[in-house]
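First comes the structure, then the notes that go with it.
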Amino acid sequence: MSASAGSLSTSFRPADTTTPAFTWGRYARAGLLTIGVSVLANAVFFYLAQVAVQYDPAFLPLGNVSAPIIFTVFPAVGAALLYAGLLQFVRKHAAMVFALIATLTFVVTLIPDFTYVPTLDGVSNAEIGVLVMMHTIAATVITRGLISVRRQG
């Protein structure tokens with residue numbers, strides 16, 4: 001009994017393994033990955049910027065890397081939960097609505113950087129620039145990471 005490759009390939013039929021474009025498990029993985037990448041990106045930027053900008057120890061937001069990590073994790077978790085709710089209830093336009101909310105939130109988060117932070121002890125314009133860049137990095141990574149998951153209909 002001899003079997004050729006052609007006869008084997010026609011007799012083998014794999015089970016239907018198509019998966020839907022959206023699953024909550026896939027979203028959970030994307031959300032956790034997004035949170036991790038945003039924290040890592042801001043931590044790396046914190047250390048790279050320290051090469052060019054001497055952080056004043058009196059300026060607590062840049063006193064050590066834990067502050068940027070904390071202020072990245074909590075908004076990222078909140079964003080992931082918000083987008084999950086939008087995926088559940090808005091469905092088709094969740095990414096557009098989330099991008100709009102994220103843009104407005106980003107603009108609002110910059111207000112203290114230009115109004116309150118300059119009044120703190122030990123702050124320089126360069127340090128304010130670092131904070132603004134960290135907000136930009138976090139907003140970009142979080143928004144792009146989360147809206148990469150879309151739900152059909």
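Lettering and numbering for the structure tokens are positional, with chains as A, B, ... in the shown order, residues counted from 1 in each chain, and ligands counted from 1 in the shown order.
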
Write out as a tab-separated table (two decimals) with N, CA and C atoms, in the first residue's frame which residues come within 7 Å of Ala49 of chain A when counting only C-alpha atoms, dropping same-chain ones fewer than 4 positions away.
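Listing of out12.tsv after writing:
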```tsv
chain	number	residue	atom	x	y	z
A	45	PHE	N	12.17	56.23	28.59
A	45	PHE	CA	12.32	57.67	28.30
A	45	PHE	C	12.80	58.44	29.53
A	53	VAL	N	18.84	65.99	30.56
A	53	VAL	CA	18.24	66.94	31.50
A	53	VAL	C	18.59	66.49	32.91
A	130	VAL	N	10.10	67.21	29.70
A	130	VAL	CA	10.15	65.76	29.91
A	130	VAL	C	8.77	65.24	30.32
```

May I have a table of the residues of segment 72-116 of chain A lying at most 7 Å from segment 30-37 of chain A, giving each one's closest pair of atoms and their distance in Å to one decimal, counting only C-alpha atoms, ordered by chain and ascending residue number, as a tab-separated table?
```
residue	atom	partner	partner_atom	distance
A:Val73	CA	A:Ile35	CA	6.4
A:Ala76	CA	A:Ile35	CA	5.6
A:Val77	CA	A:Ile35	CA	6.8
A:Ala80	CA	A:Gly31	CA	5.8
```

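Checking A:Pro61, A:Pro68, A:Pro112, A:Gly25 one by one against Ala138 of chain A, counting only C-alpha atoms, you find the shortest gap at A:Pro68.
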
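Going from atom CA of Ala102 of chain A over to atom CA of Ser66 of chain A, you cover 23.4 Å.
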
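Ranking A:Phe98, A:Phe59, A:Phe46, A:Tyr83 by their shortest atom-to-atom distance to Ile137 of chain A, with only C-alpha atoms included, puts A:Phe46 first.
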
Open item on the list: If I take atom CA of Gln50 of chain A and atom CA of Ala139 of chain A, how far is one from the other in Å, to one decimal?
Closed with: 20.8 Å

- [ ] Would you please give, as a ChimeraX atom specification, all residues of segment 21-138 of chain A that DSSP assigns to helix (DSSP H, G or I) based on the backbone?
- [x] /A:24-52,60-62,66-89,91-115,117-119,125-138

TODO: Mind checking which residues fall within 12 Å of Tyr55 of chain A, counting only C-alpha atoms, ignoring those fewer than 2 positions away in the same chain, and posting them as a list in words?
DONE: Phe46, Tyr47, Leu48, Ala49, Gln50, Val51, Ala52, Val53, Pro57, Ala58, Phe59, Leu60, Pro61, Leu62, Gly63, Asn64, Val65, Asp121, Gly122, Val123, Ser124, Asn125, Ala126, Glu127, Ile128, Gly129, Val130 and Leu131 of chain A

Writer output for current selection, N, CA and C atoms, as an mmCIF file, in the first residue's frame:
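selection-v4.cif, freshly written:
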```
data_model
loop_
_atom_site.group_PDB
_atom_site.id
_atom_site.type_symbol
_atom_site.label_atom_id
_atom_site.label_comp_id
_atom_site.auth_asym_id
_atom_site.auth_seq_id
_atom_site.Cartn_x
_atom_site.Cartn_y
_atom_site.Cartn_z
ATOM 1 N N PHE A 46 12.320 58.064 30.713
ATOM 2 C CA PHE A 46 12.757 58.711 31.951
ATOM 3 C C PHE A 46 14.283 58.656 32.062
ATOM 4 N N TYR A 47 14.859 57.473 31.829
ATOM 5 C CA TYR A 47 16.310 57.328 31.958
ATOM 6 C C TYR A 47 17.065 57.972 30.798
ATOM 7 N N LEU A 48 16.511 57.888 29.590
ATOM 8 C CA LEU A 48 17.187 58.524 28.449
ATOM 9 C C LEU A 48 17.185 60.045 28.586
ATOM 10 N N ALA A 49 16.088 60.606 29.024
ATOM 11 C CA ALA A 49 15.996 62.058 29.184
ATOM 12 C C ALA A 49 16.916 62.550 30.295
ATOM 13 N N GLN A 50 17.178 61.688 31.267
ATOM 14 C CA GLN A 50 18.045 62.050 32.378
ATOM 15 C C GLN A 50 19.476 62.316 31.902
ATOM 16 N N VAL A 51 19.831 61.752 30.756
ATOM 17 C CA VAL A 51 21.153 61.998 30.189
ATOM 18 C C VAL A 51 21.263 63.451 29.738
ATOM 19 N N ALA A 52 20.178 63.983 29.168
ATOM 20 C CA ALA A 52 20.208 65.346 28.639
ATOM 21 C C ALA A 52 19.733 66.391 29.647
ATOM 22 N N VAL A 53 18.837 65.990 30.556
ATOM 23 C CA VAL A 53 18.244 66.939 31.505
ATOM 24 C C VAL A 53 18.592 66.495 32.914
ATOM 25 N N PRO A 57 16.418 67.007 42.455
ATOM 26 C CA PRO A 57 15.822 66.102 43.450
ATOM 27 C C PRO A 57 14.626 66.713 44.185
ATOM 28 N N ALA A 58 14.533 68.033 44.220
ATOM 29 C CA ALA A 58 13.398 68.682 44.884
ATOM 30 C C ALA A 58 12.113 68.575 44.053
ATOM 31 N N PHE A 59 12.255 68.289 42.767
ATOM 32 C CA PHE A 59 11.093 68.161 41.885
ATOM 33 C C PHE A 59 10.623 66.710 41.924
ATOM 34 N N LEU A 60 9.637 66.442 42.765
ATOM 35 C CA LEU A 60 9.210 65.072 43.060
ATOM 36 C C LEU A 60 8.664 64.270 41.869
ATOM 37 N N PRO A 61 7.938 64.868 40.923
ATOM 38 C CA PRO A 61 7.449 64.043 39.808
ATOM 39 C C PRO A 61 8.558 63.338 39.024
ATOM 40 N N LEU A 62 9.766 63.892 39.052
ATOM 41 C CA LEU A 62 10.894 63.238 38.387
ATOM 42 C C LEU A 62 11.974 62.838 39.393
ATOM 43 N N GLY A 63 11.600 62.728 40.658
ATOM 44 C CA GLY A 63 12.554 62.365 41.706
ATOM 45 C C GLY A 63 13.135 60.977 41.502
ATOM 46 N N ASN A 64 12.293 60.035 41.116
ATOM 47 C CA ASN A 64 12.748 58.695 40.741
ATOM 48 C C ASN A 64 11.729 58.099 39.778
ATOM 49 N N VAL A 65 12.029 56.951 39.237
ATOM 50 C CA VAL A 65 11.204 56.384 38.166
ATOM 51 C C VAL A 65 9.839 55.887 38.654
ATOM 52 N N ASP A 121 8.782 73.717 43.499
ATOM 53 C CA ASP A 121 10.198 73.935 43.772
ATOM 54 C C ASP A 121 11.060 73.049 42.888
ATOM 55 N N GLY A 122 12.129 73.615 42.380
ATOM 56 C CA GLY A 122 13.136 72.844 41.678
ATOM 57 C C GLY A 122 12.812 72.474 40.252
ATOM 58 N N VAL A 123 11.772 73.017 39.672
ATOM 59 C CA VAL A 123 11.393 72.627 38.316
ATOM 60 C C VAL A 123 12.029 73.572 37.296
ATOM 61 N N SER A 124 12.412 72.973 36.175
ATOM 62 C CA SER A 124 12.954 73.758 35.065
ATOM 63 C C SER A 124 12.074 73.521 33.837
ATOM 64 N N ASN A 125 12.263 74.363 32.836
ATOM 65 C CA ASN A 125 11.497 74.188 31.595
ATOM 66 C C ASN A 125 11.819 72.849 30.934
ATOM 67 N N ALA A 126 13.060 72.413 31.055
ATOM 68 C CA ALA A 126 13.448 71.128 30.473
ATOM 69 C C ALA A 126 12.710 69.977 31.159
ATOM 70 N N GLU A 127 12.548 70.063 32.483
ATOM 71 C CA GLU A 127 11.815 69.025 33.208
ATOM 72 C C GLU A 127 10.334 69.035 32.836
ATOM 73 N N ILE A 128 9.785 70.210 32.624
ATOM 74 C CA ILE A 128 8.405 70.291 32.153
ATOM 75 C C ILE A 128 8.293 69.645 30.770
ATOM 76 N N GLY A 129 9.274 69.873 29.940
ATOM 77 C CA GLY A 129 9.315 69.230 28.619
ATOM 78 C C GLY A 129 9.354 67.712 28.725
ATOM 79 N N VAL A 130 10.103 67.207 29.695
ATOM 80 C CA VAL A 130 10.155 65.756 29.915
ATOM 81 C C VAL A 130 8.773 65.238 30.316
ATOM 82 N N LEU A 131 8.092 65.952 31.213
ATOM 83 C CA LEU A 131 6.747 65.531 31.620
ATOM 84 C C LEU A 131 5.786 65.528 30.441
#
```

- [ ] Quick one: everything within 12 Å of Gly85 of chain A, counting only C-alpha atoms, minus sequence neighbours fewer than 4 positions away in the same chain. Send it as an MDAnalysis selection string.
- [x] chainID A and resid 24 27 78:81 89:91 94:95 97:98 151

Filtering to N, CA and C atoms, could you give me those residues as a PDB file, in the first residue's frame?
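Final output, saved to part-v3.pdb:
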```
ATOM      1  N   TRP A  24     -12.885  38.443  24.219  1.00  0.00           N
ATOM      2  CA  TRP A  24     -12.497  39.158  25.426  1.00  0.00           C
ATOM      3  C   TRP A  24     -11.110  38.731  25.894  1.00  0.00           C
ATOM      4  N   TYR A  27      -8.709  40.718  23.909  1.00  0.00           N
ATOM      5  CA  TYR A  27      -8.697  42.090  24.405  1.00  0.00           C
ATOM      6  C   TYR A  27      -7.930  42.191  25.720  1.00  0.00           C
ATOM      7  N   GLY A  78      -7.288  52.492  33.620  1.00  0.00           N
ATOM      8  CA  GLY A  78      -8.562  53.190  33.416  1.00  0.00           C
ATOM      9  C   GLY A  78      -8.951  53.238  31.945  1.00  0.00           C
ATOM     10  N   ALA A  79      -7.981  53.499  31.077  1.00  0.00           N
ATOM     11  CA  ALA A  79      -8.244  53.542  29.638  1.00  0.00           C
ATOM     12  C   ALA A  79      -8.669  52.170  29.119  1.00  0.00           C
ATOM     13  N   ALA A  80      -8.013  51.115  29.600  1.00  0.00           N
ATOM     14  CA  ALA A  80      -8.371  49.760  29.169  1.00  0.00           C
ATOM     15  C   ALA A  80      -9.793  49.414  29.597  1.00  0.00           C
ATOM     16  N   LEU A  81     -10.168  49.799  30.803  1.00  0.00           N
ATOM     17  CA  LEU A  81     -11.531  49.542  31.277  1.00  0.00           C
ATOM     18  C   LEU A  81     -12.549  50.374  30.495  1.00  0.00           C
ATOM     19  N   PHE A  89     -20.653  48.427  24.586  1.00  0.00           N
ATOM     20  CA  PHE A  89     -21.881  49.182  24.394  1.00  0.00           C
ATOM     21  C   PHE A  89     -21.935  49.997  23.101  1.00  0.00           C
ATOM     22  N   VAL A  90     -20.807  50.492  22.630  1.00  0.00           N
ATOM     23  CA  VAL A  90     -20.810  51.297  21.401  1.00  0.00           C
ATOM     24  C   VAL A  90     -20.507  50.417  20.195  1.00  0.00           C
ATOM     25  N   ARG A  91     -19.721  49.384  20.401  1.00  0.00           N
ATOM     26  CA  ARG A  91     -19.336  48.378  19.427  1.00  0.00           C
ATOM     27  C   ARG A  91     -18.688  48.937  18.170  1.00  0.00           C
ATOM     28  N   ALA A  94     -16.519  52.158  18.608  1.00  0.00           N
ATOM     29  CA  ALA A  94     -15.800  52.246  19.882  1.00  0.00           C
ATOM     30  C   ALA A  94     -14.419  52.874  19.718  1.00  0.00           C
ATOM     31  N   ALA A  95     -13.697  52.507  18.675  1.00  0.00           N
ATOM     32  CA  ALA A  95     -12.344  53.036  18.477  1.00  0.00           C
ATOM     33  C   ALA A  95     -12.379  54.537  18.228  1.00  0.00           C
ATOM     34  N   VAL A  97     -14.772  56.718  19.165  1.00  0.00           N
ATOM     35  CA  VAL A  97     -15.186  57.387  20.396  1.00  0.00           C
ATOM     36  C   VAL A  97     -14.029  57.398  21.395  1.00  0.00           C
ATOM     37  N   PHE A  98     -13.339  56.261  21.515  1.00  0.00           N
ATOM     38  CA  PHE A  98     -12.211  56.189  22.449  1.00  0.00           C
ATOM     39  C   PHE A  98     -11.102  57.144  22.039  1.00  0.00           C
ATOM     40  N   ARG A 151     -14.088  45.507  17.394  1.00  0.00           N
ATOM     41  CA  ARG A 151     -15.211  44.572  17.439  1.00  0.00           C
ATOM     42  C   ARG A 151     -16.121  44.873  16.253  1.00  0.00           C
TER      43      ARG A 151
END
```
